[in-house]
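Asks: Structure below; questions to follow.
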Protein chains: 2
Amino acid sequence: MIRRTNSNKKRSASPSHKGIGWEGAINTAGRLIPEDINGEKVTPFQGVGKFISEGRRFGHKIPSMANFPSDGNKLVASLKEALVKSGLKDGMTISSHHHFRNGDLIINHVFDIASELGIKGLRWFPSASFPCHEHLIQYLEDGTISHIEGSMNGPLGRFASEGKMSKVAVLRSHGGRYQAVQDGEVKIDIAIIGAACADPFGNANGLNGDSASGLLGFALADSQYADKVIVVTDNMVEFPCVPWQIQGNYVDYTVKVDKVGIPEKIISGTTRITKSPDRLLIAEMTAKFCEAAGIIRDGFSFQTGAGGTSLAVSDYFAKIMREKGIKARFARGGSNKYLVQMLEEGLVDYILDGQTFDLDGVRSMRDNPNHVWTSPFTSYNFHGKGNFAQLVDVVILGATEVDVNFNANVVTHSDGYLLHGIGGWQNCLFSKTVILPLPLFRDRIPVITDEVTTLCGPGELIDVIVTERGIAINPLRKDLLEKVEGSGLPLKTIEQLKEEAEAICGKPQKPELSDKIIAAIKWVDGTVIDVVRQVKREAPPNLP
Amino acid sequence: MIRRTNSNKKRSASPSHKGIGWEGAINTAGRLIPEDINGEKVTPFQGVGKFISEGRRFGHKIPSMANFPSDGNKLVASLKEALVKSGLKDGMTISSHHHFRNGDLIINHVFDIASELGIKGLRWFPSASFPCHEHLIQYLEDGTISHIEGSMNGPLGRFASEGKMSKVAVLRSHGGRYQAVQDGEVKIDIAIIGAACADPFGNANGLNGDSASGLLGFALADSQYADKVIVVTDNMVEFPCVPWQIQGNYVDYTVKVDKVGIPEKIISGTTRITKSPDRLLIAEMTAKFCEAAGIIRDGFSFQTGAGGTSLAVSDYFAKIMREKGIKARFARGGSNKYLVQMLEEGLVDYILDGQTFDLDGVRSMRDNPNHVWTSPFTSYNFHGKGNFAQLVDVVILGATEVDVNFNANVVTHSDGYLLHGIGGWQNCLFSKTVILPLPLFRDRIPVITDEVTTLCGPGELIDVIVTERGIAINPLRKDLLEKVEGSGLPLKTIEQLKEEAEAICGKPQKPELSDKIIAAIKWVDGTVIDVVRQVKREAPPNLP
């Protein structure tokens, strides 16, 4: 077992690493990291805020208006024509955003075209992938796509976990993705930007139209830095498409298609608060903790997310604010019906939103100037001069596992399967107080472990674990410990919580993993904090 | 006299060029251009759309959030502290925007501080300067400032024209300024961004507060590409400052001062239509020409500007639209009371605004989502994948001189004095139809000449000259000639107009100029289209 250490130590390749050709180094988080991934040199994680890049932002080739239509009309007849005109060829990097979530109809079509054209070895660089992209497994198998850099929710994650992807996946946070593109770590050849609304010049938004997704911020870096940018819409309006979340001045081609997405899979009709008594209890304890710790004060800020428990936390926050007669200065989205109600009720001055989770969110973003759209650049990019995440008083996050050092995992399950993306999770760890409300166990598997299967967030950034059986505060946060002392909240150490879970469920088994690396997990600064290894036994087919 | 030619011809330095150390080349516009300016190699103008840069956009040093305050609060005690922390030193480039126009209180203060600190040889890179900056002449004289790159309206222009600035000024259009920064031609060390409203993180806008200027788009490039960015405001609000026209993620330091500008000099209380019968006649003829040419149709677009004649043109446009029962899809600002009325009346769907000229403009931009703020990037940058200017059906512009080849001058008077900036003028020449409504003479000096004193815009881009004594259409625009034939409009050749003026005023004298170059005029692609030479005799002191 690899022990935690404070320096990067070289470790020569053991025989078991043969064939994947790497020498490893143990990074400061104690994780064994290869020297290169997919032939590119790796910078190992060096500690929070320790790695400072000496580089410069990527310099895109200077375009000239002289090479674009003089009337500004960039419309071409089909997506295929746009791809061909963009010079699609073997080995290119194709990027896409995930605002259409599981209702995306564009990206499968892109790779169908690539396959039809006989293109091979493409790197797909989505901001996230969804089960609807299971369609692409055939192209991963036949070599049209060499690998994916981006989260792989569900089937694609299983495919990668079983060692079937020919190259190593790379997972980044939303902010890390912006950072990688900005810093030139990932050079995008062709960016595909599906939009609910666009004009022929390429201005686009996610607000108006049947495929409304709220916003398009996950495609911002792609638009700014990709060599070629294609905007695809099913709602082409006359110039100007207002507001322009994507600026046409970055766009090469525009395409009108019948349908960019399936509306009911893009946005849920409505998000719902959990009805589970355990989850409600956890949410209530989270809110009470925040109250006791003095976090819920006039002018505070929070980010909760749109899961059932998170929604319940927001709802308890709202109750407390009403009782106290105070309001929040801002809430960071993902926005949803409950958050919109709080904005409309005057409980929050602003929603600073990164993605809308339901139709109320879309409506509010479109109509309410205090419901402001943000991007991974404003909110999450670590290689900016600060970002919004650091300004948030309290953030409520999830995790698949947490260990006794407060390290957390959000990408793999304890059976080793890579089934989730990082999202903005790593970026949110820079908020002033980070709370993970978690059930003590899931399917009789304890959530608190000796060591997380995959390290996604260093424990020093995670402040509080709230479970149905008690609250553990990171000993680094003496200030919080002092504030809630005597509050009557069920405070426990994290070891106590772990023991309680193990007393009920037994000690969990370690996943059986091979040495083969199937994915790298990037930290917010572009360094590699951990890797994911192939599972030894394939999961039964009913796994997601 | 230099004759028009189609190739760049080398011309060896004549004795009279000694001392300014250059060999010249005649660019494709027939203008003699030095090989270098201020020690930097010059690319001569090569024709409209002919020069294609092989370079890459400037790559800013990658910042790290780790080097910024963890709470996002970048407020420092004073502008001096911000400048010192930004590493102000000899020879740096200091940029500023001109949204505060003649009411700016910030930039004089910046150079007062530089002088106090004994700094020398600064390059000032404003988006424009105004008479209020006459204060800086002392620093040009004592070497604190080596030279200005940016328009020099009034006293600074006179100072430069008389050969008193130690280096050569460089004038660019608004789009050319964005291009120069984006392309790394001008590397800004410290950007000073005065704002009517900001938060301690650095988000800023020009919409809210006593010093409201409408927007801050002229500082966009500065924020994105400068090494250090300082936001200065007299209206510091709690995060978030919404909307953020300048993104705090680009900002290093924020400063609160008592007053950033003098409101009544920032924005005129109200703009007014000309009362001059001649100007009204020219405006009416311009509108009638547009009607006859079929330009004023449902869904058309226009840009007129905020001068008295331009306002009158807008007003005539409005009358025609009302009569026809049609509306414009968009109008490009500078916005003003009249344009806002048209938006509110439903005569235009959108105002796409680059700067607000009066308080009605500011109010509308703040409150009306169809009054959209733009920037030199969206509207004018020639090194983008197109820009908004090319989408405008008709643009109404001014000029100090036009010659018989439709070439126009906007920076010098016919006495050779450099008294105006280029603004967005060059950029607007890419609109579909470019009309210059001009009086046939000013102060008994004909406006139409054999050859413009300074070439700012090539004649091939200028379509129509409207004067009180007739309309001249560029022979290149056969389509326009055909459309207005038989319309009863007083069509004349440009030579006819010139002769009429000369019959009244006599042949104008050529200005007496020395060989010393005092300013370079950049074309929209970064090439040099012309230079301005020192005037031989100083102007009497009552000149502006």
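Residue numbers start at 1 in each chain; chains themselves are named A, B, ... in the order of the structure tokens; ligands are numbered from 1 in the order shown.
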Show which residues sit within 9 Å of B:Gln390, as a list in words. Count only C-alpha atoms, and ignore same-chain residues fewer than 4 positions away.

Replies: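 Near neighbours after the sequence-gap exclusion: Ser70, Asp71 and Gly72 of chain A; Ser379, Tyr380, Gly386, Asn427, Cys428, Leu429, Phe430, Ser431 and Lys432 of chain B.
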
Asks: Store the residues picked out above in a file with N, CA and C atoms, as a compact mmCIF listing (two decimals), in the first residue's frame.

Replies:
```
# COMPACT_ATOMS: atom_id res chain seq x y z
N SER A 70 -18.12 37.94 -46.40
CA SER A 70 -18.16 39.39 -46.19
C SER A 70 -19.49 39.83 -45.59
N ASP A 71 -20.54 39.02 -45.78
CA ASP A 71 -21.83 39.38 -45.19
C ASP A 71 -22.04 38.75 -43.82
N GLY A 72 -21.02 38.06 -43.30
CA GLY A 72 -21.11 37.49 -41.96
C GLY A 72 -21.98 36.25 -41.86
N SER B 379 -17.65 43.99 -32.31
CA SER B 379 -18.09 44.90 -33.36
C SER B 379 -17.05 45.22 -34.40
N TYR B 380 -15.79 45.27 -34.00
CA TYR B 380 -14.81 45.94 -34.86
C TYR B 380 -13.52 45.18 -35.13
N GLY B 386 -14.88 37.42 -38.37
CA GLY B 386 -15.95 38.36 -38.71
C GLY B 386 -16.21 39.30 -37.55
N ASN B 427 -13.30 50.85 -38.94
CA ASN B 427 -13.98 49.56 -38.78
C ASN B 427 -15.34 49.57 -39.45
N CYS B 428 -16.00 50.73 -39.36
CA CYS B 428 -17.33 50.87 -39.93
C CYS B 428 -17.31 50.87 -41.45
N LEU B 429 -16.14 51.08 -42.04
CA LEU B 429 -16.05 51.08 -43.51
C LEU B 429 -16.41 49.72 -44.09
N PHE B 430 -16.45 48.68 -43.24
CA PHE B 430 -16.78 47.34 -43.74
C PHE B 430 -18.28 47.09 -43.77
N SER B 431 -19.07 48.08 -43.39
CA SER B 431 -20.52 47.96 -43.51
C SER B 431 -20.89 47.88 -44.99
N LYS B 432 -22.13 47.45 -45.23
CA LYS B 432 -22.50 47.17 -46.63
C LYS B 432 -22.54 48.43 -47.49
```

Asks: Per DSSP on the backbone, filter stretch 191-404 of chain B down to the residues in alpha helix (DSSP H) and report them as a PyMOL selection string.

Replies: chain B and resi 220-225+263-266+277-292+308-324+337-345+359-367+376-379

Asks: Rounded to one decimal, what separation in Å do you get between atom CA of A:Leu83 and atom CA of A:Ser127?

Replies: 19.6 Å

Asks: Residues of chain A within 6 Å of chain B, counting only C-alpha atoms, what are they? List them as a list in words.

Replies: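 My answer is Gly49, Gly55, Arg56, Arg57, Phe58, Gly59, His60, Lys61, Ile62, Pro63, Ser64, Met65, Ala66, Asp71, Asn249, Tyr250, Phe382, His383, Gly384, Lys385, Gly386, Asn387 and Leu391 of chain A.
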
Asks: Suppose we keep N, CA and C atoms; can you now write the selection as a JSON list (two decimals), in the first residue's frame?

Replies:
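Done, and the output landed in result_26.json:
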```json
[["chain", "number", "residue", "atom", "x", "y", "z"],
["A", 49, "GLY", "N", -2.39, 24.56, -4.20],
["A", 49, "GLY", "CA", -1.81, 25.89, -4.45],
["A", 49, "GLY", "C", -0.31, 25.89, -4.59],
["A", 55, "GLY", "N", 3.99, 28.96, -17.69],
["A", 55, "GLY", "CA", 3.61, 29.10, -19.10],
["A", 55, "GLY", "C", 2.78, 30.33, -19.40],
["A", 56, "ARG", "N", 2.34, 30.37, -20.63],
["A", 56, "ARG", "CA", 1.47, 31.44, -21.09],
["A", 56, "ARG", "C", 0.19, 30.84, -21.63],
["A", 57, "ARG", "N", -0.87, 31.62, -21.57],
["A", 57, "ARG", "CA", -2.14, 31.16, -22.12],
["A", 57, "ARG", "C", -1.96, 30.80, -23.60],
["A", 58, "PHE", "N", -2.72, 29.85, -24.03],
["A", 58, "PHE", "CA", -2.62, 29.37, -25.41],
["A", 58, "PHE", "C", -2.94, 30.50, -26.38],
["A", 59, "GLY", "N", -2.11, 30.65, -27.37],
["A", 59, "GLY", "CA", -2.35, 31.68, -28.40],
["A", 59, "GLY", "C", -2.95, 31.05, -29.64],
["A", 60, "HIS", "N", -4.20, 31.29, -29.81],
["A", 60, "HIS", "CA", -4.95, 30.83, -30.98],
["A", 60, "HIS", "C", -4.37, 31.46, -32.24],
["A", 61, "LYS", "N", -4.40, 30.74, -33.35],
["A", 61, "LYS", "CA", -3.97, 31.34, -34.62],
["A", 61, "LYS", "C", -4.79, 32.60, -34.88],
["A", 62, "ILE", "N", -4.16, 33.67, -35.30],
["A", 62, "ILE", "CA", -4.88, 34.93, -35.54],
["A", 62, "ILE", "C", -5.74, 34.78, -36.80],
["A", 63, "PRO", "N", -7.05, 34.90, -36.64],
["A", 63, "PRO", "CA", -7.90, 34.83, -37.84],
["A", 63, "PRO", "C", -7.94, 36.20, -38.53],
["A", 64, "SER", "N", -8.44, 36.21, -39.73],
["A", 64, "SER", "CA", -8.68, 37.49, -40.43],
["A", 64, "SER", "C", -10.09, 37.48, -40.97],
["A", 65, "MET", "N", -10.77, 38.58, -40.74],
["A", 65, "MET", "CA", -12.12, 38.72, -41.28],
["A", 65, "MET", "C", -12.13, 38.52, -42.79],
["A", 66, "ALA", "N", -10.98, 38.79, -43.41],
["A", 66, "ALA", "CA", -10.89, 38.65, -44.88],
["A", 66, "ALA", "C", -11.14, 37.21, -45.32],
["A", 71, "ASP", "N", -20.54, 39.02, -45.78],
["A", 71, "ASP", "CA", -21.83, 39.38, -45.19],
["A", 71, "ASP", "C", -22.04, 38.75, -43.82],
["A", 249, "ASN", "N", -18.06, 35.94, -33.11],
["A", 249, "ASN", "CA", -16.73, 36.34, -33.56],
["A", 249, "ASN", "C", -15.70, 35.23, -33.40],
["A", 250, "TYR", "N", -16.06, 34.19, -32.63],
["A", 250, "TYR", "CA", -15.18, 33.03, -32.46],
["A", 250, "TYR", "C", -15.58, 31.87, -33.38],
["A", 382, "PHE", "N", -8.92, 27.83, -11.90],
["A", 382, "PHE", "CA", -7.88, 28.09, -10.90],
["A", 382, "PHE", "C", -6.76, 28.96, -11.48],
["A", 383, "HIS", "N", -6.61, 28.91, -12.77],
["A", 383, "HIS", "CA", -5.60, 29.74, -13.43],
["A", 383, "HIS", "C", -6.18, 31.05, -13.94],
["A", 384, "GLY", "N", -7.00, 31.65, -13.09],
["A", 384, "GLY", "CA", -7.44, 33.02, -13.26],
["A", 384, "GLY", "C", -6.95, 33.80, -12.05],
["A", 385, "LYS", "N", -7.28, 35.09, -12.05],
["A", 385, "LYS", "CA", -6.89, 35.93, -10.91],
["A", 385, "LYS", "C", -7.97, 35.83, -9.84],
["A", 386, "GLY", "N", -8.17, 34.61, -9.37],
["A", 386, "GLY", "CA", -9.27, 34.31, -8.46],
["A", 386, "GLY", "C", -10.46, 33.80, -9.24],
["A", 387, "ASN", "N", -11.43, 33.23, -8.52],
["A", 387, "ASN", "CA", -12.69, 32.85, -9.16],
["A", 387, "ASN", "C", -13.83, 32.92, -8.15],
["A", 391, "LEU", "N", -15.45, 32.74, -3.22],
["A", 391, "LEU", "CA", -16.23, 33.79, -2.55],
["A", 391, "LEU", "C", -17.47, 33.23, -1.85]]
```

Asks: Need to verify the contact set: B:Met165, 7 Å, only C-alpha atoms, exclusion of same-chain residues closer than 5 positions in sequence. Can you return it as JSON, numbers by chain?

Replies: {"B": [140, 147, 159, 160]}

Asks: Could you pull out the strand (DSSP E or B) residues of stretch 132-317 of chain B, going by DSSP on the backbone, and write them as a PyMOL selection string?

Replies: chain B and resi 145-149+152+169-171+190-195+197-198+204-205+228-233+236+246+253-256+261+268+301-303

Asks: With a distance cut-off of 8 Å and only C-alpha atoms, select the neighbouring residues of B:Glu134, excluding the residue or stretch itself and same-chain residues fewer than 4 positions from it, and output the selection as a PyMOL selection string.

Replies: chain B and resi 130+155-156

Asks: I'd like the contact shell of A:Leu122 - 8 Å cut-off, only C-alpha atoms, skipping same-chain residues fewer than 3 positions apart - returned as a tab-separated table (two decimals) with C-alpha atoms, in the first residue's frame.

Replies:
```
chain	number	residue	atom	x	y	z
A	90	ASP	CA	-7.30	11.44	-38.20
A	91	GLY	CA	-6.09	12.14	-34.70
A	92	MET	CA	-7.92	15.40	-34.19
A	93	THR	CA	-9.45	16.57	-30.92
A	94	ILE	CA	-13.20	17.14	-31.11
A	119	ILE	CA	-11.65	9.05	-39.86
A	144	THR	CA	-12.82	6.05	-34.84
A	145	ILE	CA	-12.41	7.45	-31.33
A	146	SER	CA	-9.14	6.69	-29.56
A	147	HIS	CA	-10.21	7.94	-26.17
```

Asks: Please list as a PyMOL selection string every residue within 12 Å of B:Val84, counting only C-alpha atoms and excluding residues in the same chain fewer than 6 positions away.

Replies: chain B and resi 76-78+110+113-114+116-117+119+190+228+230+253

Asks: Produce a file of the selected residues containing N, CA and C atoms, as an mmCIF file, in the first residue's frame.

Replies:
```
data_model
loop_
_atom_site.group_PDB
_atom_site.id
_atom_site.type_symbol
_atom_site.label_atom_id
_atom_site.label_comp_id
_atom_site.auth_asym_id
_atom_site.auth_seq_id
_atom_site.Cartn_x
_atom_site.Cartn_y
_atom_site.Cartn_z
ATOM 1 N N VAL B 76 -7.026 47.441 -2.463
ATOM 2 C CA VAL B 76 -5.854 48.031 -1.829
ATOM 3 C C VAL B 76 -6.178 49.473 -1.475
ATOM 4 N N ALA B 77 -5.323 50.083 -0.643
ATOM 5 C CA ALA B 77 -5.693 51.349 -0.015
ATOM 6 C C ALA B 77 -5.736 52.523 -0.971
ATOM 7 N N SER B 78 -4.925 52.494 -2.002
ATOM 8 C CA SER B 78 -4.855 53.671 -2.885
ATOM 9 C C SER B 78 -4.397 53.261 -4.281
ATOM 10 N N VAL B 110 -2.943 59.008 -12.315
ATOM 11 C CA VAL B 110 -1.986 57.909 -12.501
ATOM 12 C C VAL B 110 -0.607 58.473 -12.836
ATOM 13 N N ILE B 113 1.146 60.265 -10.045
ATOM 14 C CA ILE B 113 1.809 59.303 -9.154
ATOM 15 C C ILE B 113 3.117 58.817 -9.779
ATOM 16 N N ALA B 114 3.070 58.506 -11.076
ATOM 17 C CA ALA B 114 4.287 58.039 -11.757
ATOM 18 C C ALA B 114 5.385 59.094 -11.650
ATOM 19 N N GLU B 116 5.673 61.494 -9.393
ATOM 20 C CA GLU B 116 6.066 61.551 -7.981
ATOM 21 C C GLU B 116 7.064 60.431 -7.658
ATOM 22 N N LEU B 117 6.862 59.278 -8.291
ATOM 23 C CA LEU B 117 7.745 58.135 -8.041
ATOM 24 C C LEU B 117 9.016 58.197 -8.899
ATOM 25 N N ILE B 119 9.283 57.872 -12.136
ATOM 26 C CA ILE B 119 9.266 56.934 -13.264
ATOM 27 C C ILE B 119 9.409 57.699 -14.580
ATOM 28 N N ILE B 190 0.385 47.599 -17.434
ATOM 29 C CA ILE B 190 -0.615 47.895 -16.412
ATOM 30 C C ILE B 190 -1.823 48.554 -17.082
ATOM 31 N N LYS B 228 -0.948 43.368 -15.644
ATOM 32 C CA LYS B 228 -1.636 43.725 -14.394
ATOM 33 C C LYS B 228 -2.836 44.600 -14.709
ATOM 34 N N ILE B 230 -5.829 47.034 -12.968
ATOM 35 C CA ILE B 230 -6.300 47.753 -11.780
ATOM 36 C C ILE B 230 -7.677 48.338 -12.091
ATOM 37 N N TYR B 253 -5.927 44.203 -8.893
ATOM 38 C CA TYR B 253 -6.162 45.070 -7.737
ATOM 39 C C TYR B 253 -7.409 45.921 -7.952
#
```

Asks: Need the shell around A:Val466: protein/DNA/RNA residues with any atom at most 8 Å away, counting only C-alpha atoms. Skip same-chain ones fewer than 6 positions apart. Format as a list in words?

Replies: Ile282, Met285, Thr286, Ile435, Leu436, Pro437, Leu438 and Ala472 of chain A

Asks: One number please: atom CA of A:Ala29 to atom CA of A:Gln303, in Å, one decimal.

Replies: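 Calculated distance between atom CA of A:Ala29 and atom CA of A:Gln303 is 26.9 Å.
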
Asks: Using only C-alpha atoms, pick whichever of B:Lys265, B:Lys478, B:Lys85, B:Arg279 has the shortest atom-to-atom distance to B:His99.

Replies: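 Among the listed residues, the smallest separation from B:His99 belongs to B:Lys265.
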